[in-house]
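Asks: Quick one: the structure is below, and I'll ask about it shortly.
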Amino acid sequence: MNRRTFLTTATLTAAASATALAGAAPASAGGRTGRAPLRTWFEATHRSLEAMTTDFGLTTDKMDVSGTGAPVLSAQTSPTNIGCGLWTTVAAAGLGVIDSDTLHRRLTRTVAAVERLERAHGFWFNWYDAHDGALLTSWPETGDPVRPFLSSVDNAWLVTGLMIAADADPSLRPRVSRLLEDADWSYFYTPYDPADPVAGPGQLRGGYWPDKPGKGEPTGHHYGALNTEPRMASYLGIADGSLPPEHYWHVFRTLLPGMGQEQQPEGVWVTIDGVRVWQGHYTHRGRKLVPTWGGSMFEALMVPLFVPEPEWSPRSWGTTHHRYVRGQIDHGLKEAGYGYWGFSPANIPDGGYSEYGVDALGMQEEGYNSKGVVTPHASFLALPYEPAAAVGNLTALDRDFGAYDDRYGFRDSVDTATGRVSDFVLALDQGMVAAALAQQLRPGLLQRPFRTGGFRSRVKPLLAKERFSI
């Protein structure tokens, strides 16, 4: 994704930021003024995801909005894209953008489409044709072969969307329950082996290619970093009882001292629930925090859109999330001097897809770099922590580059060096924007399924015990 420089309004005055958040939108690229920007931005983002949803009921991966006519949809979709479409529809109803009949019709259509998708081991494959649900075995844009794959993290986002849909429309609960009854997260889990913690780390695999006998062929890696988006799969599995709670403690806050990583961590060893845990941290610009893997915004901040980590763990998760946002802001405005901030994987303005981030905020030694490319969804993820700075950054991206489209919301990315704005919007990034705006406009709207049941009885106690060394 690309990152752009933001010159002035990261330091909005208190009066200006209060106006921007609560009342009239500041003038933007086309001189537009009107209702509170968050509501306007949500409505445009919802239109983008509605436009990306096919008659079959699945949300496509991306669409090209560069022309003046109808946008051009991609052929493919993924479990994550479908989940984004589901929770955006629920958010639209909760904010009064659509009525209850429209909510029911759209959710029912998508659940019916999901019921028809080919699965294995209770989970969904990574790529389908969004127009008819066929499993993809060749890539639509190139014809290159695609080996069907079961991804733990992508399945987590579809399950998240299905749970939100069932919560919003009780008539769908029996159908969603049947869809999820075989989704056993232990399929992706390698139990902890104290005799060989490398082979048995107590972590989740990235996924499996199921075209081999038995479970299939696993990825060569596990998801070992806690502060990354795969922790949603961990939470789901712990909440439904298919993963042991101790799994949470076997995922790394930082890699262990002496292991190759971006920064030698400081911290302490502690024993929690009988598990010896390295409570490591990094220091960035004088702030102690728990790093992500690559240094991008969505690794850290997509999960708390749904699971109330800052509320359940204010001195650990809540603290590190806020400091992580400050690190991203400081990188864009002070370290790199772009004048804008917000770095996370996205569409490359000139075409394609790339990972962007702040290298110093990630464990990977050659982590994600910002490269002067700013993606708006990163600012939306920052709304709960730095609302004035986020609104100011987004306003500047619109004013200075025309990054906002009245029809479909913010484009996916902006190159601050060239001024090039992406021609695309991506379902994943728009889904994060929609969820972040829903959380800001109506707190807790999309969190209800993740505050009850196993989340309350199994996940919340783990977060209450968390003591990051920050």
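Chain lettering (A, B, ...) mirrors the order of the structure tokens, residue numbering begins at 1 for each chain separately, and ligand numbering begins at 1 in order of display.
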What are the DSSP alpha helix (DSSP H) residues of range 265-438 of chain A, as a ChimeraX atom specification?
Replies: /A:297-301,309-312,319-330,376-381,387-401,427-438
Asks: Quick one: everything within 7 Å of Met63 in chain A, counting only C-alpha atoms, minus sequence neighbours fewer than 6 positions away in the same chain. Send it as a PyMOL selection string.
Replies: chain A and resi 52+71-74+424-426
Asks: Here is a test: counting only C-alpha atoms, which residue of A:Gly220, A:Gly372, A:Gly133, A:Gly267 is nearest to Tyr338 in chain A?
Replies: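 Looking at the shortest contact to Tyr338 in chain A, the residue is A:Gly372.
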Asks: Skipping near chain neighbours, those fewer than 2 positions away, what residues fall within 7 Å of range 272-275 of chain A using only C-alpha atoms, listed as a ChimeraX atom specification?
Replies: /A:249,270,277
Asks: In Å to one decimal, how far is CA of Gly224 in chain A from CA of Asn369 in chain A?
Replies: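 These atoms are spaced 20.8 Å apart.
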Asks: Could you list, as a VMD selection string, every residue within 10 Å of range 344-352 of chain A, counting only C-alpha atoms and ignoring same-chain residues fewer than 5 positions away?
Replies: chain A and resid 1 to 3 62 294 to 299 328 357 to 358 368 to 370 373 to 379 411 to 415 418 to 426 428 to 429
Asks: Set the distance at 7 Å and use only C-alpha atoms: which residues neighbour range 105-118 of chain A once local chain neighbours fewer than 3 positions away are removed? I'd like the list as a VMD selection string.
Replies: chain A and resid 56 to 58 86 101 to 102 124 133 135 165
Asks: Could the residues of range 298-400 of chain A that have an atom at most 12 Å from range 155-162 of chain A be listed as CSV, each with its closest atom pair and the distance in Å to one decimal, counting only C-alpha atoms and ordered by chain and ascending residue number?
Replies:
residue,atom,partner,partner_atom,distance
A:Met302,CA,A:Trp157,CA,10.2
A:Val303,CA,A:Trp157,CA,9.6
A:Leu305,CA,A:Thr160,CA,11.0
A:Phe306,CA,A:Thr160,CA,8.4
A:Val307,CA,A:Thr160,CA,10.3
Asks: For those residues, write N, CA and C atoms to a file as a PDB file, in the first residue's frame.
Replies:
ATOM      1  N   MET A 302      -6.872  -4.213  13.789  1.00  0.00           N
ATOM      2  CA  MET A 302      -8.109  -4.751  13.215  1.00  0.00           C
ATOM      3  C   MET A 302      -8.890  -5.543  14.253  1.00  0.00           C
ATOM      4  N   VAL A 303      -8.205  -6.349  15.042  1.00  0.00           N
ATOM      5  CA  VAL A 303      -8.889  -7.212  16.017  1.00  0.00           C
ATOM      6  C   VAL A 303      -9.705  -6.414  17.031  1.00  0.00           C
ATOM      7  N   LEU A 305     -11.384  -3.851  16.758  1.00  0.00           N
ATOM      8  CA  LEU A 305     -12.659  -3.383  16.245  1.00  0.00           C
ATOM      9  C   LEU A 305     -13.793  -4.269  16.741  1.00  0.00           C
ATOM     10  N   PHE A 306     -13.472  -5.525  17.059  1.00  0.00           N
ATOM     11  CA  PHE A 306     -14.492  -6.511  17.420  1.00  0.00           C
ATOM     12  C   PHE A 306     -14.344  -7.002  18.860  1.00  0.00           C
ATOM     13  N   VAL A 307     -13.141  -7.358  19.251  1.00  0.00           N
ATOM     14  CA  VAL A 307     -12.883  -7.823  20.622  1.00  0.00           C
ATOM     15  C   VAL A 307     -12.434  -6.617  21.443  1.00  0.00           C
TER      16      VAL A 307
END
Asks: Ranking A:Asp211, A:Leu463, A:Ile238, A:Leu381 by minimum distance to Gln439 in chain A and counting only C-alpha atoms, which one comes first?
Replies: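 Using only C-alpha atoms, the shortest distance to Gln439 in chain A belongs to A:Leu381.
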Asks: Could you jot down the CA of Thr190 in chain A to CA of Gly202 in chain A separation for me, Å, one decimal place?
Replies: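 Taking CA of Thr190 in chain A and CA of Gly202 in chain A, their separation equals 5.3 Å.
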Asks: Skip Gln279 in chain A itself and residues of its chain fewer than 3 positions away, then list as number ranges by chain all residues within 6 Å of it, counting only C-alpha atoms.
Replies: A: 267-269, 468-469
